[in-house]
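A short worksheet on the structure shown next.
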Amino acid sequence: MTTALPMPAENAGRGGKIPLVPVLLLAPAVLLYLVFFVWPQLALLMLGFQDRGGAFTLDLYVRFLSDSYYLKLLWRTLVMGVATTMITILLGLPLAYLLARARSRWATLLLIITTFPLLVSAVVRSFGWMVLLYRNGFVSDLLQWLSLTDGPTQLMYTLPGTIIALAQVLLPIMVLSLYAVFRSIPPDLELAAMSLGARPTTALWLVTIKLAKGGIFSGSLLVFSMAISSFATPSLVGGPRAAVMATSIYDLTVTVLDWNFAAVQATVLLVAVLLLSLIYGRLLNGGGIKT
Amino acid sequence: MNIHLNRRSVIAGMAAMTATPLIGSKALAQAKPFEGRTLVSTGFGGSTMDIVADAVFKPFDAQTGATTTQMPMQSNAALARMIAEKGSPQIDMYQFSGGQEVDAVREGLTQAIAETDQIDALAADMRDPDGNWVAWAVIAEGLVYRTDKFDTPPTSYQDFFRPELKGHIAFPAITNGYGTDFLVMLAKTFGGSEDNIDPGFEAMAKLKDETIFAAASDIPTLFGQGDIWLMPYDTGNTYKNQQAGLPIAFTSPKEGSPAVKITACIAKDAANADVASAAIDRMLSPEAQIKIAEGMRWTPTNPNTKLPADLAQHVPDVTQLVSLDRAKINESRAAWIDRWNREIAS
Amino acid sequence: MTFRLLSPLGLSLLILASLAMIYLLVPIAVVVVSPFGDTGFIAFPPQGLTLKWYAAALNDGRYLTGFLLSLRLASIVALISASLGMCAAYAITRYDFPGAKALEALFLSPLILPTLVMAVALTAYFTRSGLPTGTWRLVAAQSIICIPYVIRIVLPLLQRFDRSLEEAALSLGATPIRSFFLVLVPVIRPALIAGAAMAFITSFDEVVLALFLSVPGQTTLPVMIYSSVQLGFEPVVAAVAGLLVCLTGVVMVIMHFFGLRTRG
């Protein structure tokens with residue numbers, strides 16, 4: 001998979017004259033990953049290529065890829081991930097930008113407050129959502145008051161409900177990623193653009209958003225990965241009708257005890273998301289990934 | 001690692017054995033056979049764990065000198081950890097509520113519990129023939145309903161199909177053991193059985209637009225705010241939610257109340273198997289069983305337990321409960337879940 | 001701010017940001033407020049008024065023990081993740097070597113795999129390996145899922161950072177390490193703090209790895225909360241979550257007024 005170690009031989013990057021430096025810098029993290037992540041994970045994921053007797057087979061992959069039910073599961077998972085990421089970008093960009101640019105000291109406090117959803121355990125949080133998303137809950141009332149719907153709407157135990165709940169808990173991650181980048185972009189650049197005749201909107205777009213692209217890419221990757229792998233919220237808020245890969249893997253692992261097929265689903269998820277992140281990086285003009 | 005641990009506990013045990021007579025109290029040594037020993041058990045979280053601790057482990061520790069720790073873990077996650085720690089378990093004793101003990105025995109993860117008179121006295125289906133697990137309580141499953149919505153209590157699994165209840169029904173997914181048992185009981189109601197599950201799926205398909213939930217944690221909200229009037233669940237949760245102030249009640253349907261076994265078993269190669277055996281025997285003692293029935297409305301399995309009359313009327317007797325074919329259910333679970341995902345949850 | 005908040009652009013940003021804040025906080029408000037209700041189940045708006053659930057949460061020593069344990073664990077994990085993650089991110093951006101992309105993918109993978117898969121694999125691996133038991137197992141496992149946050153948050157800043165500054169420092173005779181601390185660290189500080197904060201919070205709220213890898217008797221706060229709802233929800237659990245939110249708020253306000261700003 002991704003075990004390629006950096007080859008010190010031909011690096012000698014501009015900053016370091018001794019190839020030893022990058023190796024030393026990378027060694028702790030890479031060693032930790034090789035010993036306690038790559039090796040154990042490979043051992044488990046290899047189960048996906050074995051039948052119950054331990055002989056090599058691709059049957060389980062064929063089973064997954066030839067069954068429309070599982071493909072639907074994968075599709076629903078990706079839809080959930082993309083929708084969640086889009087919501088967090090839409091709401092996270094303005095929030096992070098204002099927090100980073102505000103001169104008031106209260107902005108720091110507000111930034112801390114945005115992380116509150118992460119402090120509340122997933123079980124308890126989904127509980128709060130249940131109160132809000134049930135058919136006689138707050139969101140349903142709000143939709144009716146806004147005349148967006150006629151009757152009560154049940155969002156609990158549905159995919160849209162899951163997305164709403166997931167985006168809330170992942171929004172802080174997006175805000176934190178973007179905040180760090182916005183802080184590092186001097187406001188002078190926008191002023192410079194405006195002094196050259198750009199309108200504020202254009203200046204904001206041309207300078208700041210473009211410069212923050214790396215942060216948007218990184219934040220999206222974090223949010224997307226977290227969304228498609230999270231279990232508690234889809235299980236409790238989405239319920240069985242909005243089953244996704246993570247809940248399916250959970251059921252296979254602890255209820256059905258079919259670790260081989262769970263390994264197949266985990267591998268498919270991993271490969272699909274890594275491929276998508278590569279494409280996304282290219283789309284964002286090499287945004288976060290080096291070119 | 002395992003050998004090391006064992007050696008250490010043996011040395012500790014020997015030290016305790018030699019040290020105590022030096023103090024000069026042989027009687028004390030006999031009275032506290034596990035002085036200085038520890039026992040690690042899984043436990044059900046929250047208030048359940050506290051009630052079990054008060055009924056079983058605290059008096060056990062006081063009497064034997066052992067120190068027991070319960071690690072809160074859901075049954076299915078506990079089994080997964082048990083499998084992953086095969087050969088060198090960190091946990092001596094496991095408590096299960098969803099039939100996991102059968103899988104544990106099949107995977108060779110357990111060892112025999114030391115036999116006692118109390119274990120011998122259990123009904124045949126409340127213990128493993130080879131002594132690898134015992135059921136120290138059972139929970140009666142049946143109909144849970146809103147008392148303010150029913151003039152006369154529901155009586156049968158057929159009540160789920162009454163047209164006036166449409167939109168007010170909830171039931172658990174079959175990845176939850178209660179959901180599996182509901183499926184089996186629907187099959188039985190409409191002429192099927194564990195071996196002929198089709199009628200169950202056909203009946204459940206008629207309920208597929210009703211609320212399907214994953215975990216017991218949703219029950220209070222479903223009854224409290226969700227406008228749910230009827231669901232299949234158990235005495236324990238009914239009692240818990242009654243105490244919380246919800247207007248609900250439990251009733252046994254005429255098709256019978258299935259029993260959920262609450263079991264205990266000892267991990268193979270566990271460092272403190274002897275302490276675990278003694279603790280399990282303690283769980284079966286009438287005083288412990290009465291305390292558990294008082295605290296949670298769980299039915300005692302020791303036939304010599306005599307519940308006080310006022311308590312007995314709320315706790316169905318073990319002999320009145322239906323014992324489902326757990327071996328058959330476990331064997332079919334994977335196929336049923338796969339079918340259920342496609343036919344009911346989609 | 002380079003534009004007026006009351007301009008159309010400023011207003012639309014402000015409205016979106018306010019919506020985001022409301023969206024973030026409403027479910028938290030439900031969790032904090034509902035345990036004040038007198039009912040044994042969660043109702044919102046709460047019915048009646050009682051402090052008994054909050055009192056029960058405060059009086060149950062195990063929640064406090066779990067909280068302190070989680071606090072220690074999260075601090076260690078955040079420290080390890082921040083240092084290892086920053087070093088790795090620096091190496092990835094500063095040196096051209098084959099496999100850098102593969103490394104980026106490697107450092108994202110733990111977030112994509114469901115933690116249950118990681119937990120099962122690691123538990124089996126530890127058991128077979130015969131490595132000593134102890135809290136370090138959980139620390140290592142949680143660091144693996146926390147390092148990606150640090151790397152992903154620090155990486156974009158490093159990529160944008162002007163290398164000529166560093167080179168200037170080097171040409172003025174600073175050692176690479178000195179130039180690193182003098183030039184680079186001040187610039188990436190907000191990202192480093194944000195990354196460390198994410199690592200801290202992730203570890204602090206992590207359930208599955210803790211469930212599988214914890215040492216018997218050491219039950220973290222999220223595990224206590226998670227398993228206490230197995231057989232039904234209890235308002236005391238919501239009260240514990242409410243206390244956490246309030247405590248964080250209070251600590252932040254105190255830090256604010258004593259000028260201990262975390263701002264970079």
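Starting from 1 in every chain, residues are counted up; chains themselves are A, B, ... following the order of the structure tokens, and ligands are numbered from 1 as listed.
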
Check: which chain C residues lie within 7 Å of chain A using only C-alpha atoms, as a PyMOL selection string
chain C and resi 1-3+9+13+16-17+20+23-24+27-28+30-31+44+84-85+87-88+91+94-99+102-103+105-106+109+111-114+116+118+121-122+125+144+152-153+156-157+187+190-191+194+201+205+222+226+238+241+245+252+263

With only C-alpha atoms considered, list every residue of chain B at most 10 Å from chain A, as a VMD selection string.
chain B and resid 75 to 81 83 98 100 103 172 to 177 208 211 to 215 217 to 218 221 to 222 225 to 227 330 to 335 337 to 338 340 to 342 344 to 346

Write out as a ChimeraX atom specification every residue belonging to chain B that has an atom at most 8 Å from any atom of chain C, counting only C-alpha atoms.
/B:1,40,44-48,69-74,80-81,83-91,215-221,224-225,237,240-241,243-246

Residue list (helix (DSSP H, G or I), DSSP) for range 23-163 of chain A, as a PyMOL selection string
chain A and resi 23-49+59-65+68-101+106-114+116-119+122-133+138-145+159-163

Selection: 9 Å around Tyr233 in chain B, only C-alpha atoms, excl. self and same-chain fewer than 6 positions, as a VMD selection string
chain B and resid 140 to 144 171 to 172 178 to 179 182 216 250

Mind giving me the straight-line distance from CA of Gly173 in chain C to CA of Leu155 in chain C in Å, one decimal?
26.5 Å

Name the residues in contact with Pro253 in chain B at a cut-off of 7 Å, using only C-alpha atoms, excluding same-chain residues fewer than 2 positions from it; report them as a list of chain:residue names.
B:Gly142, B:Leu143, B:Thr155, B:Ser156, B:Tyr157, B:Thr251, B:Glu255, B:Gly256, B:Ser257

Restricted to C-alpha atoms, what would the selected residues look like written as a PDB file, in the first residue's frame?
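The result, written out as again01.pdb:
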ATOM      1  CA  GLY B 142     -42.715  -8.624  25.332  1.00  0.00           C
ATOM      2  CA  LEU B 143     -44.875  -5.619  24.499  1.00  0.00           C
ATOM      3  CA  THR B 155     -52.237  -8.815  24.132  1.00  0.00           C
ATOM      4  CA  SER B 156     -50.507 -10.147  21.072  1.00  0.00           C
ATOM      5  CA  TYR B 157     -47.843  -9.573  18.447  1.00  0.00           C
ATOM      6  CA  THR B 251     -47.108  -6.995  29.128  1.00  0.00           C
ATOM      7  CA  GLU B 255     -47.660 -15.954  21.972  1.00  0.00           C
ATOM      8  CA  GLY B 256     -45.210 -15.993  24.867  1.00  0.00           C
ATOM      9  CA  SER B 257     -42.405 -13.851  26.246  1.00  0.00           C
TER      10      SER B 257
END

Which polymer residues have any atom within 9 Å of an atom of Ile290 in chain B, counting only C-alpha atoms, with same-chain residues fewer than 3 positions away left out, as a PDB file with N, CA and C atoms, in the first residue's frame?
ATOM      1  N   ALA B  55     -25.106  -5.779  44.240  1.00  0.00           N
ATOM      2  CA  ALA B  55     -25.721  -7.076  44.525  1.00  0.00           C
ATOM      3  C   ALA B  55     -24.677  -8.187  44.593  1.00  0.00           C
ATOM      4  N   SER B 285     -26.386 -16.724  43.818  1.00  0.00           N
ATOM      5  CA  SER B 285     -26.942 -16.861  45.160  1.00  0.00           C
ATOM      6  C   SER B 285     -28.282 -16.142  45.241  1.00  0.00           C
ATOM      7  N   PRO B 286     -29.234 -16.720  45.996  1.00  0.00           N
ATOM      8  CA  PRO B 286     -30.564 -16.107  46.064  1.00  0.00           C
ATOM      9  C   PRO B 286     -30.531 -14.642  46.496  1.00  0.00           C
ATOM     10  N   GLU B 287     -29.672 -14.280  47.471  1.00  0.00           N
ATOM     11  CA  GLU B 287     -29.707 -12.868  47.915  1.00  0.00           C
ATOM     12  C   GLU B 287     -29.267 -11.925  46.781  1.00  0.00           C
ATOM     13  N   ALA B 293     -33.281  -8.506  40.921  1.00  0.00           N
ATOM     14  CA  ALA B 293     -34.690  -8.418  40.535  1.00  0.00           C
ATOM     15  C   ALA B 293     -35.312  -7.129  41.071  1.00  0.00           C
ATOM     16  N   GLU B 294     -34.923  -6.755  42.289  1.00  0.00           N
ATOM     17  CA  GLU B 294     -35.434  -5.502  42.860  1.00  0.00           C
ATOM     18  C   GLU B 294     -34.969  -4.293  42.062  1.00  0.00           C
ATOM     19  N   GLY B 295     -33.701  -4.304  41.707  1.00  0.00           N
ATOM     20  CA  GLY B 295     -33.120  -3.130  41.075  1.00  0.00           C
ATOM     21  C   GLY B 295     -33.516  -2.982  39.628  1.00  0.00           C
ATOM     22  N   THR B 299     -35.314 -11.397  35.820  1.00  0.00           N
ATOM     23  CA  THR B 299     -35.824 -12.629  36.403  1.00  0.00           C
ATOM     24  C   THR B 299     -34.677 -13.507  36.914  1.00  0.00           C
ATOM     25  N   PRO B 300     -34.778 -13.983  38.160  1.00  0.00           N
ATOM     26  CA  PRO B 300     -33.745 -14.880  38.693  1.00  0.00           C
ATOM     27  C   PRO B 300     -33.749 -16.226  37.963  1.00  0.00           C
ATOM     28  N   THR B 305     -34.434 -19.324  44.360  1.00  0.00           N
ATOM     29  CA  THR B 305     -34.647 -17.932  44.748  1.00  0.00           C
ATOM     30  C   THR B 305     -36.144 -17.710  44.968  1.00  0.00           C
ATOM     31  N   LYS B 306     -36.503 -17.240  46.172  1.00  0.00           N
ATOM     32  CA  LYS B 306     -37.923 -16.945  46.436  1.00  0.00           C
ATOM     33  C   LYS B 306     -38.090 -15.426  46.499  1.00  0.00           C
ATOM     34  N   LEU B 307     -38.725 -14.883  45.474  1.00  0.00           N
ATOM     35  CA  LEU B 307     -38.936 -13.437  45.460  1.00  0.00           C
ATOM     36  C   LEU B 307     -40.058 -13.068  46.421  1.00  0.00           C
ATOM     37  N   PRO B 308     -39.946 -11.934  47.116  1.00  0.00           N
ATOM     38  CA  PRO B 308     -41.060 -11.449  47.922  1.00  0.00           C
ATOM     39  C   PRO B 308     -42.294 -11.243  47.026  1.00  0.00           C
TER      40      PRO B 308
END

So what do you get for CA of Ala199 in chain C versus CA of Cys146 in chain C, distance-wise?
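Computing the Euclidean distance for CA of Ala199 in chain C and CA of Cys146 in chain C yields 4.8 Å.
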
Using only C-alpha atoms, which residues sit within 12 Å of Gly192 in chain B once same-chain residues fewer than 6 positions away are excluded, as number ranges by chain?
B: 183-186, 198-203

Any idea what's packed within 9 Å of Ala288 in chain B, counting only C-alpha atoms, ignoring anything in its chain fewer than 3 positions away? Could you give it as JSON, numbers by chain?
{"B": [52, 54, 55, 56, 282, 283, 284, 285, 291, 292, 293]}

Just write the chosen residues, C-alpha atoms, as a PDB file, in the first residue's frame.
ATOM      1  CA  VAL B  52     -24.726  -5.575  39.789  1.00  0.00           C
ATOM      2  CA  ASP B  54     -24.006  -3.716  44.876  1.00  0.00           C
ATOM      3  CA  ALA B  55     -25.721  -7.076  44.525  1.00  0.00           C
ATOM      4  CA  VAL B  56     -22.712  -9.212  43.646  1.00  0.00           C
ATOM      5  CA  ARG B 282     -22.015 -15.578  43.986  1.00  0.00           C
ATOM      6  CA  MET B 283     -24.129 -14.169  41.144  1.00  0.00           C
ATOM      7  CA  LEU B 284     -26.372 -17.209  41.432  1.00  0.00           C
ATOM      8  CA  SER B 285     -26.942 -16.861  45.160  1.00  0.00           C
ATOM      9  CA  LYS B 291     -31.320  -7.668  44.737  1.00  0.00           C
ATOM     10  CA  ILE B 292     -30.986  -7.732  40.952  1.00  0.00           C
ATOM     11  CA  ALA B 293     -34.690  -8.418  40.535  1.00  0.00           C
TER      12      ALA B 293
END

Computed interatomic separation between CA of Ala66 in chain B and CA of Glu35 in chain B (Å):
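Distance between the two atoms: 5.4 Å.
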